[in-house]
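Below is upload_17.tsv, holding TSV, C-alpha atoms.
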chain	number	residue	atom	x	y	z
P	16	MET	CA	-0.29	-34.83	-22.58
P	17	GLN	CA	-0.23	-32.56	-19.55
P	18	LEU	CA	2.73	-30.18	-19.37
P	19	THR	CA	4.88	-29.75	-16.28
P	20	HIS	CA	5.40	-26.35	-14.68
P	21	GLU	CA	8.73	-26.07	-16.46
P	22	GLU	CA	7.26	-26.94	-19.87
P	23	ASN	CA	4.38	-24.46	-19.98
P	24	GLN	CA	4.60	-21.68	-22.51
P	25	PHE	CA	2.75	-18.92	-20.66
P	26	GLU	CA	4.21	-15.44	-20.91
P	27	ARG	CA	5.50	-14.05	-17.62
P	28	LYS	CA	3.94	-10.64	-17.12
P	29	THR	CA	2.96	-8.22	-14.37
P	30	PHE	CA	0.01	-5.86	-14.63
P	31	PRO	CA	-0.35	-2.54	-12.78
P	32	ILE	CA	-3.01	-4.06	-10.52
P	33	THR	CA	-3.19	-3.80	-6.75
P	34	LEU	CA	-5.61	-6.24	-5.15
P	35	VAL	CA	-7.19	-4.65	-2.08
P	36	CYS	CA	-8.62	-7.20	0.35
P	37	ASP	CA	-11.11	-5.49	2.66
P	38	HIS	CA	-11.08	-7.35	5.99
P	39	ILE	CA	-10.53	-10.85	4.60
P	40	TYR	CA	-9.59	-13.16	7.46
P	41	PHE	CA	-10.15	-16.78	6.37
P	42	GLN	CA	-6.68	-18.23	5.90
P	43	GLN	CA	-7.72	-20.51	3.04
P	44	ASN	CA	-9.00	-17.45	1.16
P	45	ILE	CA	-5.84	-15.46	1.92
P	46	GLY	CA	-3.64	-18.25	0.59
P	47	SER	CA	-5.80	-18.68	-2.50
P	48	LEU	CA	-5.78	-14.92	-3.15
P	49	PHE	CA	-1.97	-15.00	-3.18
P	50	ARG	CA	-2.06	-17.88	-5.64
P	51	ILE	CA	-4.56	-16.27	-8.02
P	52	ALA	CA	-2.79	-12.89	-7.76
P	53	GLU	CA	0.48	-14.52	-8.77
P	54	ALA	CA	-1.21	-16.40	-11.63
P	55	PHE	CA	-2.69	-13.18	-13.06
P	56	GLY	CA	0.44	-11.04	-12.64
P	57	VAL	CA	-0.92	-8.80	-9.90
P	58	GLU	CA	1.70	-6.27	-8.83
P	59	ASN	CA	0.75	-5.97	-5.17
P	60	ILE	CA	-1.79	-7.05	-2.54
P	61	ILE	CA	-3.03	-4.81	0.26
P	62	PHE	CA	-4.70	-6.55	3.17
P	63	LEU	CA	-6.92	-4.09	5.03
P	64	GLY	CA	-7.68	-4.78	8.68
P	65	LYS	CA	-6.20	-5.59	12.05
P	66	ASP	CA	-4.65	-8.94	12.90
P	67	ILE	CA	-4.72	-10.31	9.35
P	68	PRO	CA	-3.59	-13.96	9.76
P	69	LEU	CA	-0.61	-14.07	7.39
P	70	THR	CA	1.00	-17.01	9.17
P	71	PRO	CA	2.99	-18.69	6.37
P	72	ARG	CA	2.51	-22.18	7.78
P	73	LYS	CA	-1.28	-21.80	7.67
P	74	ILE	CA	-1.64	-20.11	4.28
P	75	ASN	CA	1.07	-22.08	2.45
P	76	LYS	CA	-1.22	-25.02	1.68
P	77	THR	CA	-3.49	-22.92	-0.54
P	78	SER	CA	-0.91	-20.34	-1.63
P	79	ARG	CA	1.53	-23.02	-2.89
P	80	SER	CA	4.35	-20.66	-1.75
P	81	THR	CA	3.15	-17.74	-3.89
P	82	HIS	CA	3.00	-15.62	-0.71
P	83	LEU	CA	6.80	-15.58	-1.02
P	84	HIS	CA	6.65	-13.97	-4.48
P	85	VAL	CA	3.74	-11.52	-4.44
P	86	PRO	CA	4.53	-8.20	-2.73
P	87	HIS	CA	1.97	-7.44	-0.05
P	88	THR	CA	1.32	-5.10	2.83
P	89	VAL	CA	-1.11	-4.87	5.70
P	90	ILE	CA	-2.82	-1.55	6.36
P	91	GLU	CA	-4.95	-1.48	9.47
P	92	GLN	CA	-7.10	1.60	8.89
P	93	THR	CA	-9.57	2.15	6.05
P	94	THR	CA	-8.75	5.86	5.97
P	95	ASP	CA	-5.09	5.03	5.25
P	96	VAL	CA	-6.10	2.82	2.30
P	97	VAL	CA	-8.43	5.54	1.01
P	98	ASP	CA	-5.62	8.11	1.21
P	99	TYR	CA	-3.15	5.78	-0.52
P	100	LEU	CA	-5.49	4.88	-3.40
P	101	THR	CA	-6.75	8.40	-4.05
P	102	SER	CA	-3.35	10.11	-3.76
P	103	ASN	CA	-1.75	7.61	-6.17
P	104	ASN	CA	-4.32	8.04	-8.95
P	105	PHE	CA	-5.62	4.49	-9.09
P	106	GLU	CA	-8.66	3.56	-11.14
P	107	ILE	CA	-10.54	2.11	-8.18
P	108	ILE	CA	-12.79	-0.80	-9.10
P	109	ALA	CA	-14.96	-2.39	-6.43
P	110	LEU	CA	-16.24	-5.91	-7.03
P	111	GLU	CA	-19.60	-5.80	-5.27
P	112	ILE	CA	-23.28	-6.22	-5.99
P	113	ALA	CA	-24.72	-2.78	-5.30
P	114	SER	CA	-27.62	-0.58	-6.39
P	115	ASN	CA	-25.26	1.27	-8.74
P	116	SER	CA	-23.05	-1.62	-9.89
P	117	LYS	CA	-22.71	-2.62	-13.52
P	118	PRO	CA	-21.81	-5.99	-15.03
P	119	LEU	CA	-18.09	-6.80	-14.93
P	120	LYS	CA	-18.03	-7.11	-18.73
P	121	GLU	CA	-18.77	-3.36	-18.91
P	122	VAL	CA	-15.71	-2.30	-16.92
P	123	THR	CA	-13.64	0.35	-18.69
P	124	ILE	CA	-9.91	0.66	-18.21
P	125	LEU	CA	-7.50	2.96	-20.02
P	126	ASP	CA	-4.22	1.55	-21.26
P	127	ASN	CA	-1.45	1.61	-18.64
P	128	GLN	CA	-3.89	2.78	-15.94
P	129	LYS	CA	-3.01	1.71	-12.40
P	130	ILE	CA	-5.90	-0.36	-11.08
P	131	ALA	CA	-6.98	-1.07	-7.54
P	132	LEU	CA	-9.38	-4.02	-7.51
P	133	ILE	CA	-11.22	-4.14	-4.20
P	134	VAL	CA	-12.72	-7.38	-2.95
P	135	GLY	CA	-14.74	-7.58	0.23
P	136	SER	CA	-14.81	-9.61	3.39
P	137	GLU	CA	-16.38	-13.03	3.55
P	138	ILE	CA	-19.13	-11.71	5.82
P	139	ASP	CA	-19.76	-8.02	5.10
P	140	GLY	CA	-18.44	-7.41	1.58
P	141	ILE	CA	-16.81	-4.06	0.79
P	142	SER	CA	-17.17	-1.21	3.29
P	143	ASN	CA	-19.18	1.87	2.39
P	144	GLU	CA	-16.03	4.01	2.76
P	145	LEU	CA	-14.33	2.09	-0.04
P	146	LEU	CA	-17.46	1.96	-2.20
P	147	LYS	CA	-17.72	5.76	-1.99
P	148	ILE	CA	-14.24	6.31	-3.47
P	149	SER	CA	-14.65	3.69	-6.20
P	150	ASN	CA	-14.61	4.93	-9.79
P	151	GLN	CA	-16.47	1.82	-10.90
P	152	ILE	CA	-18.53	-0.72	-8.98
P	153	VAL	CA	-18.93	-3.95	-10.88
P	154	HIS	CA	-20.66	-7.25	-10.27
P	155	ILE	CA	-20.50	-10.69	-11.82
P	156	ASN	CA	-23.78	-11.71	-13.42
P	157	MET	CA	-25.03	-14.90	-11.78
P	158	PHE	CA	-27.94	-17.03	-12.88
P	159	GLY	CA	-28.67	-19.26	-9.89
P	160	LYS	CA	-30.56	-18.54	-6.69
P	161	ASN	CA	-27.45	-17.59	-4.70
P	162	SER	CA	-26.68	-13.87	-4.55
P	163	SER	CA	-22.93	-14.11	-3.96
P	164	MET	CA	-19.88	-16.29	-4.47
P	165	ASN	CA	-16.66	-16.96	-2.63
P	166	VAL	CA	-14.26	-14.01	-2.66
P	167	VAL	CA	-11.51	-16.01	-4.34
P	168	GLN	CA	-13.79	-17.23	-7.11
P	169	ALA	CA	-15.05	-13.69	-7.70
P	170	ALA	CA	-11.52	-12.24	-7.67
P	171	SER	CA	-10.42	-14.90	-10.16
P	172	ILE	CA	-13.19	-14.05	-12.59
P	173	ALA	CA	-12.56	-10.31	-12.26
P	174	LEU	CA	-8.80	-10.63	-12.73
P	175	TYR	CA	-9.33	-12.79	-15.79
P	176	GLU	CA	-11.65	-10.19	-17.29
P	177	ILE	CA	-9.39	-7.23	-16.41
P	178	THR	CA	-6.20	-8.83	-17.73
P	179	SER	CA	-7.76	-10.12	-20.97
What does the file become when written as structure tokens?
Amino acid sequence: MQLTHEENQFERKTFPITLVCDHIYFQQNIGSLFRIAEAFGVENIIFLGKDIPLTPRKINKTSRSTHLHVPHTVIEQTTDVVDYLTSNNFEIIALEIASNSKPLKEVTILDNQKIALIVGSEIDGISNELLKISNQIVHINMFGKNSSMNVVQAASIALYEITS
């Protein structure tokens, strides 16, 4: 029998993870990123870019109101995000297929390490400026002909792996 939200036995927990969304503008993805961040106990979301469409009415359908519970900020300039991440000693993990990326299963994280998981835009992926400061660049092994997946699907897989 399926359990209701009130009946589930999952432990409530927050991880020291900041999800950095590099120029993600599709409102369905933004809402879904809130929802998956809340489900995996993400501490904070940073939306990087100008005019990020955080209109509650438009993202509520996919966020299921989690945008009301997950702390988030918008930072317009990449240099400001770089300064914030590097000055606060994050283990910066970029989720991107790159010439120097390794499989996600090989990610290494020290206990109690603050993590910044960077996910890239729907069109261009993660900027070179953010890739350059990343301590680890990881990819999800895929076995079909497609070379990428939706940012929310990829973030979900990565957060599952990191929080396991």
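Counting only C-alpha atoms, the residue from P:Gln92, P:Ser102, P:Asn127, P:Thr178 that sits nearest to Gly56 of chain P is P:Thr178.
Between atom CA of Met16 of chain P and atom CA of Arg79 of chain P lies a distance of 23.0 Å.
Taking atom CA of Phe41 of chain P and atom CA of Asn165 of chain P as endpoints, the distance between them is 11.1 Å.
From atom CA of Cys36 of chain P back to atom CA of Pro71 of chain P, the distance works out to 17.4 Å.
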Tell me, as a PyMOL selection string, which residues lie within 7 Å of Val85 of chain P, counting only C-alpha atoms; anything in the same chain fewer than 2 positions away does not count.
chain P and resi 49+53+59+81-83+87
Select all residues near (2.4, -11.4, -20.3) (cut-off 12 Å, inclusive, file coordinates), counting only C-alpha atoms, and output them as JSON, numbers by chain.
{"P": [24, 25, 26, 27, 28, 29, 30, 31, 54, 55, 56, 57, 178, 179]}
My list of candidates is P:Thr88, P:Thr94, P:Asn103, P:Ser80. Which is closest to Lys147 of chain P when distances are computed with only C-alpha atoms?
P:Thr94
Contact residues around Asp95 of chain P with all atoms listed in the file at 12 Å, ignoring same-chain residues under 6 positions, as a ChimeraX atom specification
/P:61-64,89,101-102,144-145
Between P:Glu111, P:Lys76, P:Val35, P:Ser116, single out the one closest to Tyr99 of chain P, counting all atoms listed in the file.
P:Val35
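Using all atoms listed in the file, the smallest distance between any of P:Gln151, P:Thr123, P:Thr77, P:Ser163 and Asp139 of chain P comes from P:Ser163.
Between Arg50 of chain P and the residues P:Ile90, P:Ile74, P:Val134, P:Ile32, the shortest atom-to-atom distance, using only C-alpha atoms, involves P:Ile74.
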